[in-house]
$ cat my_file24.cif   # mmCIF, C-alpha atoms
data_start
#
loop_
_atom_site.label_atom_id
_atom_site.label_comp_id
_atom_site.auth_asym_id
_atom_site.auth_seq_id
_atom_site.Cartn_x
_atom_site.Cartn_y
_atom_site.Cartn_z
CA ARG A 23 -144.52 -155.00 -58.09
CA PHE A 24 -140.93 -153.81 -58.40
CA TYR A 25 -140.51 -153.00 -54.71
CA LEU A 26 -141.88 -156.40 -53.70
CA GLN A 27 -139.04 -158.30 -55.34
CA PRO A 28 -136.13 -159.54 -53.17
CA ILE A 29 -133.09 -157.27 -53.33
CA SER A 30 -130.58 -160.10 -53.18
CA GLN A 31 -130.53 -163.77 -54.01
CA ALA A 32 -132.65 -165.69 -51.52
CA LYS A 33 -131.12 -168.22 -49.14
CA SER A 34 -132.60 -171.25 -50.80
CA SER A 35 -132.35 -174.96 -51.18
CA VAL A 36 -131.48 -176.82 -54.37
CA SER A 37 -135.05 -176.31 -55.59
CA ASN A 38 -134.52 -172.52 -55.24
CA THR A 39 -137.31 -172.24 -52.65
CA LEU A 40 -136.95 -169.57 -50.00
CA GLN A 41 -137.25 -170.87 -46.44
CA LEU A 42 -138.71 -168.72 -43.66
CA ARG A 43 -137.84 -170.02 -40.19
CA ILE A 44 -140.37 -169.32 -37.43
CA GLY A 45 -139.84 -169.81 -33.70
CA LEU A 46 -142.55 -170.28 -31.04
CA GLN A 47 -142.36 -170.26 -27.25
CA ARG A 48 -143.21 -173.65 -25.80
CA ASP A 49 -146.57 -173.92 -24.03
CA SER A 50 -147.85 -170.57 -25.31
CA ILE A 51 -151.24 -171.51 -26.76
CA GLY A 52 -151.77 -168.00 -28.09
CA GLN A 53 -148.91 -168.43 -30.55
CA ILE A 54 -150.15 -171.62 -32.19
CA ILE A 55 -152.29 -170.10 -34.96
CA ALA A 56 -149.51 -167.71 -36.02
CA GLY A 57 -147.13 -170.65 -36.19
CA TYR A 58 -148.66 -174.01 -37.04
CA GLY A 59 -151.89 -172.50 -38.31
CA VAL A 60 -149.99 -170.46 -40.87
CA THR A 61 -147.88 -173.41 -42.05
CA TYR A 62 -150.99 -175.58 -42.40
CA ILE A 63 -152.78 -172.94 -44.49
CA ALA A 64 -149.71 -172.38 -46.66
CA GLU A 65 -149.28 -176.10 -47.29
CA GLN A 66 -152.92 -176.67 -48.22
CA LEU A 67 -153.07 -173.73 -50.63
CA ARG A 68 -149.72 -174.61 -52.16
CA LEU A 69 -150.17 -178.35 -52.64
CA SER A 70 -153.76 -178.50 -53.86
CA PRO A 71 -155.18 -175.05 -54.61
CA PRO A 72 -158.66 -175.17 -56.15
CA ASP A 73 -159.00 -173.69 -59.61
CA TYR A 74 -161.21 -170.80 -58.51
CA LEU A 75 -158.61 -169.45 -56.04
CA SER A 76 -155.96 -167.02 -57.20
CA PHE A 77 -153.17 -165.31 -55.33
CA PRO A 78 -152.80 -161.53 -55.55
CA ASP A 79 -150.79 -160.51 -58.60
CA ALA A 80 -147.96 -159.07 -56.51
CA GLY A 81 -146.29 -159.72 -53.19
CA ILE A 82 -147.11 -163.42 -52.59
CA ASP A 83 -144.55 -166.19 -52.95
CA ARG A 84 -146.68 -169.31 -53.20
CA ASN A 85 -143.58 -171.52 -53.00
CA LEU A 86 -142.35 -170.08 -49.71
CA ASP A 87 -141.22 -172.85 -47.36
CA LEU A 88 -142.37 -172.11 -43.78
CA GLN A 89 -140.55 -174.02 -41.03
CA VAL A 90 -141.75 -173.86 -37.40
CA SER A 91 -139.69 -174.79 -34.33
CA MET A 92 -140.60 -174.61 -30.64
CA PHE A 93 -138.23 -173.36 -27.94
CA ALA A 94 -138.26 -173.62 -24.17
CA SER A 95 -136.68 -170.19 -23.71
CA ASP A 96 -137.26 -166.84 -25.36
CA ASP A 97 -133.58 -166.02 -24.72
CA VAL A 98 -132.62 -168.86 -27.04
CA MET A 99 -134.98 -167.54 -29.71
CA THR A 100 -133.53 -164.03 -29.55
CA ARG A 101 -129.96 -165.39 -29.68
CA GLN A 102 -130.84 -167.48 -32.71
CA MET A 103 -132.38 -164.44 -34.40
CA LYS A 104 -129.12 -162.57 -33.84
CA GLN A 105 -127.19 -165.53 -35.23
CA ASP A 106 -129.36 -165.67 -38.37
CA GLU A 107 -130.90 -169.02 -37.38
CA ILE A 108 -134.50 -167.79 -36.94
CA ASP A 109 -136.21 -165.21 -39.16
CA ILE A 110 -139.46 -164.65 -37.25
CA SER A 111 -140.14 -165.16 -33.54
CA ILE A 112 -143.55 -165.17 -31.88
CA LEU A 113 -143.17 -164.02 -28.29
CA ASP A 114 -145.21 -163.11 -25.22
CA ASP A 115 -145.07 -159.45 -24.20
CA MET A 116 -142.18 -159.65 -21.71
CA ALA A 117 -140.10 -161.66 -24.16
CA LEU A 118 -141.00 -159.15 -26.89
CA LEU A 119 -139.45 -156.36 -24.84
CA ARG A 120 -136.33 -158.41 -24.19
CA ASN A 121 -136.00 -159.06 -27.91
CA GLY A 122 -136.39 -155.40 -28.82
CA ALA A 123 -134.01 -154.25 -26.09
CA THR A 124 -131.37 -156.82 -27.08
CA PHE A 125 -131.24 -155.64 -30.68
CA PHE A 126 -131.26 -151.97 -29.65
CA ASP A 127 -128.48 -152.41 -27.08
CA ASP A 128 -125.90 -153.34 -29.72
CA LEU A 129 -127.23 -150.59 -32.04
CA SER A 130 -128.03 -153.13 -34.77
CA PHE A 131 -131.77 -152.35 -34.66
CA GLY A 132 -132.05 -155.85 -36.03
CA SER A 133 -135.69 -156.69 -35.24
CA LYS A 134 -139.08 -155.13 -35.77
CA LEU A 135 -142.49 -155.87 -34.27
CA ILE A 136 -144.56 -156.49 -37.42
CA GLY A 137 -147.87 -157.81 -36.07
CA MET A 138 -149.81 -159.51 -33.28
CA ALA A 139 -150.38 -163.26 -33.07
CA SER A 140 -153.15 -162.86 -30.47
CA TYR A 141 -154.04 -160.86 -27.39
CA ASN A 142 -156.36 -160.89 -24.40
CA ILE A 143 -158.03 -157.52 -24.10
CA SER A 144 -159.45 -158.07 -20.60
CA GLY A 145 -156.38 -159.58 -18.92
CA GLN A 146 -158.41 -162.52 -17.64
CA ASP A 147 -156.13 -165.18 -19.06
CA ILE A 148 -153.67 -165.62 -16.14
CA SER A 149 -154.26 -167.37 -12.80
CA ILE A 150 -152.40 -168.34 -9.66
CA VAL A 151 -152.69 -172.00 -8.68
CA LEU A 152 -151.80 -173.47 -5.30
CA ALA A 153 -151.26 -176.91 -3.85
CA LYS A 154 -154.52 -178.58 -2.83
CA THR A 155 -153.63 -178.33 0.86
CA SER A 156 -152.33 -174.75 0.70
CA GLU A 157 -153.51 -172.27 3.33
CA ILE A 158 -152.66 -169.21 1.23
CA ASN A 159 -155.76 -167.03 0.90
CA SER A 160 -154.53 -163.81 -0.73
CA VAL A 161 -151.85 -162.57 -3.07
CA TYR A 162 -150.13 -160.80 -0.14
CA GLU A 163 -149.42 -164.20 1.43
CA LEU A 164 -147.22 -165.13 -1.54
CA LYS A 165 -144.37 -163.18 0.03
CA ASN A 166 -141.37 -165.40 0.86
CA LYS A 167 -142.95 -168.34 -0.97
CA LYS A 168 -141.60 -170.58 -3.73
CA ILE A 169 -143.36 -169.60 -6.94
CA SER A 170 -142.85 -171.19 -10.33
CA VAL A 171 -143.57 -169.64 -13.71
CA LEU A 172 -142.29 -170.12 -17.24
CA PHE A 173 -139.83 -167.28 -17.68
CA GLY A 174 -140.40 -164.81 -20.50
CA THR A 175 -144.15 -165.44 -20.71
CA ASN A 176 -147.10 -163.20 -19.93
CA SER A 177 -147.42 -165.10 -16.64
CA HIS A 178 -143.88 -164.04 -15.72
CA ARG A 179 -144.75 -160.41 -16.39
CA PHE A 180 -147.95 -160.86 -14.36
CA ILE A 181 -146.20 -161.98 -11.17
CA ILE A 182 -143.60 -159.19 -11.46
CA THR A 183 -146.33 -156.56 -11.85
CA LEU A 184 -148.43 -158.11 -9.08
CA PHE A 185 -145.55 -158.00 -6.60
CA ASP A 186 -144.79 -154.41 -7.59
CA LEU A 187 -148.39 -153.42 -6.84
CA CYS A 188 -148.22 -155.22 -3.48
CA GLY A 189 -145.05 -153.30 -2.58
CA TYR A 190 -142.87 -156.40 -2.88
CA ASP A 191 -139.76 -157.11 -4.93
CA VAL A 192 -140.11 -160.36 -6.85
CA ASP A 193 -136.31 -160.79 -6.80
CA THR A 194 -135.97 -160.68 -3.01
CA ASP A 195 -139.42 -161.34 -1.54
CA CYS A 196 -139.99 -164.76 -3.11
CA THR A 197 -138.10 -167.61 -4.72
CA LEU A 198 -138.96 -167.60 -8.42
CA ILE A 199 -138.48 -170.87 -10.30
CA ASN A 200 -138.47 -171.31 -14.08
CA GLU A 201 -140.97 -174.12 -14.68
CA ASP A 202 -143.69 -175.00 -17.18
CA SER A 203 -147.18 -176.09 -16.14
CA ARG A 204 -146.60 -179.79 -16.75
CA THR A 205 -143.58 -179.84 -14.45
CA ALA A 206 -145.42 -177.61 -11.98
CA SER A 207 -148.20 -180.18 -11.61
CA ASN A 208 -145.68 -182.59 -10.05
CA SER A 209 -144.09 -179.82 -7.99
CA LEU A 210 -147.46 -178.83 -6.55
CA ALA A 211 -148.33 -182.45 -5.79
CA ASN A 212 -144.97 -182.90 -4.02
CA ASP A 213 -145.25 -179.57 -2.18
CA SER A 214 -141.91 -178.46 -3.63
CA ILE A 215 -143.46 -175.15 -4.68
CA ASP A 216 -146.14 -173.03 -3.02
CA ALA A 217 -147.72 -171.55 -6.15
CA HIS A 218 -147.58 -171.64 -9.92
CA ILE A 219 -148.50 -168.83 -12.33
CA CYS A 220 -149.93 -169.88 -15.68
CA CYS A 221 -152.63 -169.14 -18.21
CA GLU A 222 -156.23 -169.71 -17.17
CA THR A 223 -156.51 -172.68 -19.53
CA PHE A 224 -153.66 -174.60 -17.86
CA ALA A 225 -154.93 -173.55 -14.41
CA LEU A 226 -158.30 -175.16 -15.13
CA GLN A 227 -156.54 -178.30 -16.31
CA LEU A 228 -154.47 -178.55 -13.13
CA GLU A 229 -157.60 -178.01 -11.05
CA LYS A 230 -159.55 -180.58 -13.05
CA HIS A 231 -156.94 -183.27 -12.45
CA LYS A 232 -156.83 -182.51 -8.71
CA PHE A 233 -153.24 -181.26 -8.83
CA ALA A 234 -154.06 -177.80 -7.55
CA LYS A 235 -156.64 -175.19 -6.71
CA ARG A 236 -156.86 -171.63 -7.98
CA LEU A 237 -156.29 -168.72 -5.63
CA ALA A 238 -159.48 -166.70 -5.27
CA ASN A 239 -159.19 -163.20 -6.72
CA SER A 240 -155.87 -164.13 -8.30
CA GLN A 241 -156.74 -161.93 -11.28
CA ALA A 242 -156.11 -158.87 -9.13
CA ILE A 243 -154.57 -156.99 -12.04
CA ARG A 244 -155.96 -157.02 -15.54
CA LEU A 245 -153.40 -155.86 -18.06
CA PRO A 246 -154.00 -156.93 -21.65
CA SER A 247 -151.60 -159.73 -22.55
CA LEU A 248 -149.95 -159.66 -25.95
CA ARG A 249 -148.27 -162.22 -28.16
CA GLY A 250 -146.39 -160.41 -30.89
CA ILE A 251 -144.50 -161.25 -34.07
CA VAL A 252 -140.96 -159.95 -34.49
CA CYS A 253 -138.97 -160.24 -37.71
CA ARG A 254 -135.29 -159.71 -38.47
CA ASN A 255 -134.60 -156.49 -40.34
CA GLU A 256 -132.46 -158.32 -42.87
CA ILE A 257 -135.43 -160.42 -43.95
CA MET A 258 -137.66 -157.37 -44.24
CA ARG A 259 -135.01 -155.57 -46.28
CA ASP A 260 -133.80 -158.38 -48.55
CA TYR A 261 -136.87 -160.62 -48.84
CA PRO A 262 -139.96 -158.42 -48.39
CA GLN A 263 -142.05 -160.85 -50.42
CA ALA A 264 -141.45 -163.56 -47.80
CA VAL A 265 -142.69 -161.29 -44.99
CA ILE A 266 -145.79 -160.29 -46.94
CA THR A 267 -146.51 -163.93 -47.78
CA TYR A 268 -146.29 -164.92 -44.11
CA LEU A 269 -148.66 -162.11 -43.09
CA TYR A 270 -151.00 -163.04 -45.93
CA TYR A 271 -151.26 -166.62 -44.66
CA LEU A 272 -151.61 -165.32 -41.08
CA ILE A 273 -154.72 -163.31 -41.95
CA ILE A 274 -156.24 -166.32 -43.72
CA ALA A 275 -155.32 -168.61 -40.80
CA ASN A 276 -157.04 -166.30 -38.32
CA TYR A 277 -160.21 -166.18 -40.41
CA TRP A 278 -160.05 -169.96 -40.93
CA PHE A 279 -159.87 -170.54 -37.17
CA LEU A 280 -162.71 -168.14 -36.38
CA SER A 281 -164.97 -169.60 -39.06
CA ASN A 282 -164.74 -173.16 -37.70
CA PRO A 283 -162.94 -173.15 -34.33
CA ILE A 284 -163.79 -176.72 -33.30
CA GLN A 285 -162.39 -178.32 -36.46
CA ALA A 286 -159.48 -175.88 -36.57
CA ALA A 287 -158.54 -176.62 -32.94
CA ARG A 288 -158.55 -180.35 -33.67
CA LYS A 289 -156.24 -179.80 -36.62
CA LEU A 290 -153.87 -177.56 -34.65
CA SER A 291 -153.70 -180.06 -31.79
CA GLN A 292 -152.14 -182.53 -34.22
CA PHE A 293 -149.05 -180.32 -34.46
CA THR A 294 -148.61 -179.75 -30.72
CA ASN A 295 -149.00 -181.56 -27.41
CA ILE A 296 -151.91 -179.27 -26.51
CA HIS A 297 -155.42 -180.75 -26.58
CA SER A 298 -158.04 -179.20 -28.84
CA THR A 299 -160.31 -178.40 -25.88
CA GLN A 300 -157.50 -176.35 -24.34
CA ILE A 301 -157.03 -174.44 -27.58
CA LEU A 302 -160.76 -173.74 -27.76
CA HIS A 303 -160.87 -172.58 -24.15
CA PHE A 304 -157.88 -170.30 -24.56
CA PHE A 305 -159.33 -168.54 -27.61
CA ASP A 306 -162.84 -168.26 -26.14
CA VAL A 307 -164.02 -164.70 -26.82
CA ASN A 308 -165.82 -164.69 -23.45
CA PHE A 309 -162.39 -164.58 -21.80
CA GLY A 310 -161.31 -161.63 -23.93
CA SER A 311 -159.08 -163.52 -26.39
CA ARG A 312 -158.71 -162.10 -29.89
CA VAL A 313 -156.82 -163.18 -32.99
CA GLU A 314 -156.18 -160.28 -35.33
CA PRO A 315 -152.76 -158.92 -36.23
CA THR A 316 -153.09 -155.13 -36.39
CA LEU A 317 -150.70 -153.04 -34.32
CA LYS A 318 -152.94 -150.76 -32.31
CA PRO A 319 -151.82 -147.52 -30.63
CA GLN A 320 -152.85 -149.11 -27.32
CA TRP A 321 -150.24 -151.84 -27.80
CA SER A 322 -147.47 -149.28 -28.25
CA TRP A 323 -148.60 -147.52 -25.09
CA LEU A 324 -148.76 -150.79 -23.12
CA LEU A 325 -145.32 -151.95 -24.30
CA LYS A 326 -143.78 -148.55 -23.48
CA THR A 327 -145.33 -148.68 -20.01
CA LEU A 328 -144.00 -152.20 -19.40
CA ASN A 329 -140.62 -151.16 -20.78
CA ARG A 330 -140.39 -148.38 -18.17
CA ARG A 331 -141.51 -150.69 -15.35
CA LEU A 332 -139.06 -153.45 -16.32
CA GLU A 333 -136.13 -151.20 -17.20
CA ASP A 334 -132.77 -152.66 -16.12
CA ARG A 335 -134.44 -155.88 -15.01
CA TYR A 336 -134.36 -159.29 -16.73
CA ASN A 337 -132.03 -157.99 -19.46
CA ILE A 338 -134.59 -155.39 -20.54
CA SER A 339 -133.23 -151.90 -21.12
CA LYS A 340 -135.24 -148.89 -22.15
CA PHE A 341 -135.45 -148.51 -25.92
CA ASP A 342 -137.47 -146.69 -28.58
CA VAL A 343 -140.61 -148.83 -28.76
CA ASP A 344 -142.28 -146.55 -31.32
CA PHE A 345 -139.34 -146.97 -33.69
CA TRP A 346 -139.39 -150.74 -33.16
CA VAL A 347 -143.10 -151.13 -33.98
CA ASP A 348 -143.47 -151.33 -37.76
CA ASP A 349 -146.77 -152.22 -39.46
CA TYR A 350 -145.70 -151.22 -42.97
CA PHE A 351 -145.76 -154.77 -44.34
CA LEU A 352 -149.00 -155.59 -42.54
CA ARG A 353 -150.67 -152.54 -44.05
CA LEU A 354 -149.35 -153.57 -47.46
CA THR A 355 -150.73 -157.09 -47.00
CA TYR A 356 -154.15 -155.75 -46.02
CA SER A 357 -154.07 -153.60 -49.15
CA LEU A 358 -153.22 -156.62 -51.32
CA LEU A 359 -156.25 -158.41 -49.89
CA GLY A 360 -158.48 -155.38 -50.37
CA PHE A 361 -159.01 -154.83 -46.62
CA ASP A 362 -159.28 -151.60 -44.65
CA TYR A 363 -156.39 -151.76 -42.18
CA HIS A 364 -157.53 -148.75 -40.17
CA PHE A 365 -161.01 -150.22 -39.72
CA GLN A 366 -159.54 -153.31 -38.05
CA GLN A 367 -156.88 -151.38 -36.15
CA VAL A 368 -159.45 -149.38 -34.17
CA SER A 369 -161.61 -152.45 -33.48
CA PHE A 370 -161.26 -154.93 -30.61
CA THR A 371 -163.52 -157.60 -32.03
CA ASN A 372 -162.82 -161.05 -33.39
CA GLU A 373 -165.68 -160.87 -35.83
CA PHE A 374 -165.27 -160.25 -39.55
CA SER A 375 -168.44 -159.46 -41.49
CA ASN A 376 -168.75 -160.85 -45.01
CA SER A 377 -169.35 -157.37 -46.36
CA TYR A 378 -166.02 -156.27 -44.93
CA PHE A 379 -164.06 -158.54 -47.28
CA VAL A 380 -164.02 -156.90 -50.67
CA ASP A 381 -162.74 -159.97 -52.49
CA GLU A 382 -165.41 -162.70 -52.37
CA LYS A 383 -162.78 -165.31 -53.18
CA PHE A 384 -161.32 -164.83 -49.70
CA SER A 385 -164.36 -166.49 -48.11
CA LYS A 386 -163.89 -169.36 -50.54
CA TYR A 387 -160.45 -169.95 -49.03
CA VAL A 388 -162.15 -170.94 -45.81
CA GLU A 389 -164.75 -173.10 -47.58
CA PHE A 390 -161.94 -174.96 -49.32
CA LEU A 391 -159.90 -175.39 -46.12
CA ASN A 392 -162.88 -176.61 -44.12
CA ALA A 393 -163.65 -179.14 -46.84
CA LYS A 394 -160.04 -180.34 -46.70
CA MET A 395 -160.29 -180.85 -42.91
CA VAL A 396 -163.47 -182.88 -43.26
CA SER A 397 -161.97 -185.06 -45.98
#
$ encode --input "my_file24.cif" --output "structure tokens"
Amino acid sequence: RFYLQPISQAKSSVSNTLQLRIGLQRDSIGQIIAGYGVTYIAEQLRLSPPDYLSFPDAGIDRNLDLQVSMFASDDVMTRQMKQDEIDISILDDMALLRNGATFFDDLSFGSKLIGMASYNISGQDISIVLAKTSEINSVYELKNKKISVLFGTNSHRFIITLFDLCGYDVDTDCTLINEDSRTASNSLANDSIDAHICCETFALQLEKHKFAKRLANSQAIRLPSLRGIVCRNEIMRDYPQAVITYLYYLIIANYWFLSNPIQAARKLSQFTNIHSTQILHFFDVNFGSRVEPTLKPQWSWLLKTLNRRLEDRYNISKFDVDFWVDDYFLRLTYSLLGFDYHFQQVSFTNEFSNSYFVDEKFSKYVEFLNAKMVS
């Protein structure tokens, strides 16, 4: 227990409660569970824990105050991490690389990738949508067009990679506009853009409301899309208990969502402007979506590959991805819960069997949380 205690006095309020500040990218559905899901779980277990539940003897700060904020730009999140205004950021894969490169460039090595919020193993979660009257029939016809995408997201990385494979340069062979899907719906209706790149869930929504149509075969490339969790090194060094507590609640939040996705999606929609049906669609296992936090060797390989492809573009320089990836605290959290980290690390499934959880009380967490939602 000694090494789990904070090295220095925590930055706390009058009540001496440590606050952990978490940032999310706006309109990234895949980050919701690791943000608002975690805070909901923490609040329920802190305010009204049932008598039969007990926290592990070491490593968990049950009074940790988790604060979540949403940002329109990943650049703002990384700047605020450098300025000690955010402790943990949840970012899509391109933004992850920009975060890692930024901290490596000034030799501060100030952030670490400590886990995954979610991922899509099949790469089927991104689509290209066009105006209803568009005559574009293939990805090659996107050259010299006005294309909007929310910068820093997996969709942004998708269009860059797609143009590279087509032999185009996204910086010179199209006009790229930073725009979220809600704004893009008006832009498509007004013909001010030719195409919009977004997640499959938002693409279906735009199509449903007659704003746009999807480009056939728009999923020409299928790279797994990642949404990772980066933490400031200072927090990991000075307040390790806070990091372990966050990861502890993250594992419970994932299991809570998987055990009752309909009710969980309804609860999560209360914290965001995203409808529960969109949350359910996004995390549908049939589309390859997974929610489990282990850092797999495949993710290191994918991030290193993307780092080479995006080197010296979009403020991403080449850096030591292997050094940046750090699952020490996640492994420790799995150990506290009695889980086999390696078993989950080599698996690409959402499913958790009851026999896999050594501590039977863990399943009771979910029973308690589901009962709270119903009440």
$ resolve_selection --input "my_file24.cif" --expression "the PyMOL selection byres ((chain A and resi 312) around 7)" --output "PyMOL selection string"
chain A and resi 140-142+305+307+310-311+313-314+371-372
$ write_last_selection --input "my_file24.cif" --atoms "C-alpha atoms" --output "short mmCIF file (atom, residue, chain, number, x, y, z; two decimals), in the frame of the given file"
data_model
loop_
_atom_site.label_atom_id
_atom_site.label_comp_id
_atom_site.auth_asym_id
_atom_site.auth_seq_id
_atom_site.Cartn_x
_atom_site.Cartn_y
_atom_site.Cartn_z
CA SER A 140 -153.15 -162.86 -30.47
CA TYR A 141 -154.04 -160.86 -27.39
CA ASN A 142 -156.36 -160.89 -24.40
CA PHE A 305 -159.33 -168.54 -27.61
CA VAL A 307 -164.02 -164.70 -26.82
CA GLY A 310 -161.31 -161.63 -23.93
CA SER A 311 -159.08 -163.52 -26.39
CA VAL A 313 -156.82 -163.18 -32.99
CA GLU A 314 -156.18 -160.28 -35.33
CA THR A 371 -163.52 -157.60 -32.03
CA ASN A 372 -162.82 -161.05 -33.39
#
$ atom_distance --input "my_file24.cif" --atom1 "CA of Ser207 (chain A)" --atom2 "CA of Arg288 (chain A)"
24.4 Å
$ resolve_selection --input "my_file24.cif" --expression "the PyMOL selection byres ((chain A and resi 167) around 12)" --output "list in words"
Leu152, Ser156, Ile158, Val161, Tyr162, Glu163, Leu164, Lys165, Asn166, Lys168, Ile169, Ser170, Val192, Asp193, Thr194, Asp195, Cys196, Thr197, Leu198, Ile199, Asp213, Ser214, Ile215, Asp216, Ala217 and His218 of chain A
$ write_last_selection --input "my_file24.cif" --atoms "C-alpha atoms" --output "PDB file, in the frame of the given file"
ATOM      1  CA  LEU A 152    -151.800-173.470  -5.300  1.00  0.00           C
ATOM      2  CA  SER A 156    -152.330-174.750   0.700  1.00  0.00           C
ATOM      3  CA  ILE A 158    -152.660-169.210   1.230  1.00  0.00           C
ATOM      4  CA  VAL A 161    -151.850-162.570  -3.070  1.00  0.00           C
ATOM      5  CA  TYR A 162    -150.130-160.800  -0.140  1.00  0.00           C
ATOM      6  CA  GLU A 163    -149.420-164.200   1.430  1.00  0.00           C
ATOM      7  CA  LEU A 164    -147.220-165.130  -1.540  1.00  0.00           C
ATOM      8  CA  LYS A 165    -144.370-163.180   0.030  1.00  0.00           C
ATOM      9  CA  ASN A 166    -141.370-165.400   0.860  1.00  0.00           C
ATOM     10  CA  LYS A 168    -141.600-170.580  -3.730  1.00  0.00           C
ATOM     11  CA  ILE A 169    -143.360-169.600  -6.940  1.00  0.00           C
ATOM     12  CA  SER A 170    -142.850-171.190 -10.330  1.00  0.00           C
ATOM     13  CA  VAL A 192    -140.110-160.360  -6.850  1.00  0.00           C
ATOM     14  CA  ASP A 193    -136.310-160.790  -6.800  1.00  0.00           C
ATOM     15  CA  THR A 194    -135.970-160.680  -3.010  1.00  0.00           C
ATOM     16  CA  ASP A 195    -139.420-161.340  -1.540  1.00  0.00           C
ATOM     17  CA  CYS A 196    -139.990-164.760  -3.110  1.00  0.00           C
ATOM     18  CA  THR A 197    -138.100-167.610  -4.720  1.00  0.00           C
ATOM     19  CA  LEU A 198    -138.960-167.600  -8.420  1.00  0.00           C
ATOM     20  CA  ILE A 199    -138.480-170.870 -10.300  1.00  0.00           C
ATOM     21  CA  ASP A 213    -145.250-179.570  -2.180  1.00  0.00           C
ATOM     22  CA  SER A 214    -141.910-178.460  -3.630  1.00  0.00           C
ATOM     23  CA  ILE A 215    -143.460-175.150  -4.680  1.00  0.00           C
ATOM     24  CA  ASP A 216    -146.140-173.030  -3.020  1.00  0.00           C
ATOM     25  CA  ALA A 217    -147.720-171.550  -6.150  1.00  0.00           C
ATOM     26  CA  HIS A 218    -147.580-171.640  -9.920  1.00  0.00           C
TER      27      HIS A 218
END
$ residues_around --input "my_file24.cif" --residues "Thr175 (chain A)" --least-positions-apart "6" --cutoff "10 Å" --atoms "only C-alpha atoms" --output "list in words"
Gln47, Arg48, Asp49, Ser50, Ser95, Asp96, Leu113, Asp114, Asp115, Met116, Ala117, Leu118, Cys220, Cys221, Ser247, Leu248 and Arg249 of chain A
$ residues_around --input "my_file24.cif" --residues "region 332-344 of chain A" --least-positions-apart "6" --cutoff "8 Å" --atoms "all atoms listed in the file" --output "list of chain:residue names"
A:Leu119, A:Arg120, A:Gly122, A:Ala123, A:Thr124, A:Phe126, A:Asp127, A:Ser322, A:Leu325, A:Lys326
$ write_last_selection --input "my_file24.cif" --atoms "C-alpha atoms" --output "PDB file, in the coordinates of the input"
ATOM      1  CA  LEU A 119    -139.450-156.360 -24.840  1.00  0.00           C
ATOM      2  CA  ARG A 120    -136.330-158.410 -24.190  1.00  0.00           C
ATOM      3  CA  GLY A 122    -136.390-155.400 -28.820  1.00  0.00           C
ATOM      4  CA  ALA A 123    -134.010-154.250 -26.090  1.00  0.00           C
ATOM      5  CA  THR A 124    -131.370-156.820 -27.080  1.00  0.00           C
ATOM      6  CA  PHE A 126    -131.260-151.970 -29.650  1.00  0.00           C
ATOM      7  CA  ASP A 127    -128.480-152.410 -27.080  1.00  0.00           C
ATOM      8  CA  SER A 322    -147.470-149.280 -28.250  1.00  0.00           C
ATOM      9  CA  LEU A 325    -145.320-151.950 -24.300  1.00  0.00           C
ATOM     10  CA  LYS A 326    -143.780-148.550 -23.480  1.00  0.00           C
TER      11      LYS A 326
END
$ residues_near_point --input "my_file24.cif" --point "(-154.6, -181.7, -12.7)" --cutoff "10 Å" --atoms "only C-alpha atoms" --output "MDAnalysis selection string"
chainID A and resid 203:204 207:208 210:211 224:235
$ resolve_selection --input "my_file24.cif" --expression "the PyMOL selection byres ((chain A and resi 292-302) around 8)" --output "PyMOL selection string"
chain A and resi 49+51+58+223-224+283-284+287-291+303-306
$ write_last_selection --input "my_file24.cif" --atoms "C-alpha atoms" --output "JSON list (two decimals), keeping the file's coordinate frame"
[["chain", "number", "residue", "atom", "x", "y", "z"],
["A", 49, "ASP", "CA", -146.57, -173.92, -24.03],
["A", 51, "ILE", "CA", -151.24, -171.51, -26.76],
["A", 58, "TYR", "CA", -148.66, -174.01, -37.04],
["A", 223, "THR", "CA", -156.51, -172.68, -19.53],
["A", 224, "PHE", "CA", -153.66, -174.60, -17.86],
["A", 283, "PRO", "CA", -162.94, -173.15, -34.33],
["A", 284, "ILE", "CA", -163.79, -176.72, -33.30],
["A", 287, "ALA", "CA", -158.54, -176.62, -32.94],
["A", 288, "ARG", "CA", -158.55, -180.35, -33.67],
["A", 289, "LYS", "CA", -156.24, -179.80, -36.62],
["A", 290, "LEU", "CA", -153.87, -177.56, -34.65],
["A", 291, "SER", "CA", -153.70, -180.06, -31.79],
["A", 303, "HIS", "CA", -160.87, -172.58, -24.15],
["A", 304, "PHE", "CA", -157.88, -170.30, -24.56],
["A", 305, "PHE", "CA", -159.33, -168.54, -27.61],
["A", 306, "ASP", "CA", -162.84, -168.26, -26.14]]
$ closest_residue --input "my_file24.cif" --among "A:Ile243, A:Met103, A:Val252, A:Ala56" --to "Ile182 (chain A)" --atoms "all atoms listed in the file"
A:Ile243
$ atom_distance --input "my_file24.cif" --atom1 "CA of Gly145 (chain A)" --atom2 "CA of Leu245 (chain A)"
4.8 Å
$ atom_distance --input "my_file24.cif" --atom1 "CA of Asn159 (chain A)" --atom2 "CA of Arg236 (chain A)"
10.1 Å
$ residues_around --input "my_file24.cif" --residues "Tyr62 (chain A)" --least-positions-apart "5" --cutoff "10 Å" --atoms "only C-alpha atoms" --output "ChimeraX atom specification"
/A:55,57,67-68,88,271,275,289-290,293,391
$ residues_around --input "my_file24.cif" --residues "Leu184 (chain A)" --least-positions-apart "4" --cutoff "12 Å" --atoms "all atoms listed in the file" --output "VMD selection string"
chain A and resid 148 to 150 160 to 162 164 to 165 177 to 180 188 to 192 219 240 to 245 331
$ residues_around --input "my_file24.cif" --residues "Leu269 (chain A)" --least-positions-apart "5" --cutoff "10 Å" --atoms "only C-alpha atoms" --output "PyMOL selection string"
chain A and resi 56+60+82+136-137+251+263-264+274-275+315+351-356
$ closest_atom_pairs --input "my_file24.cif" --of "region 267-352 of chain A" --to "region 364-368 of chain A" --cutoff "10 Å" --atoms "all atoms listed in the file" --output "Markdown table"
| residue | atom | partner | partner_atom | distance |
| --- | --- | --- | --- | --- |
| A:Glu314 | CA | A:Gln366 | CA | 8.2 |
| A:Pro315 | CA | A:Gln367 | CA | 8.6 |
| A:Thr316 | CA | A:Gln367 | CA | 5.3 |
| A:Leu317 | CA | A:Gln367 | CA | 6.7 |
| A:Lys318 | CA | A:Gln367 | CA | 5.5 |
| A:Pro319 | CA | A:Gln367 | CA | 8.4 |
| A:Gln320 | CA | A:Val368 | CA | 9.5 |
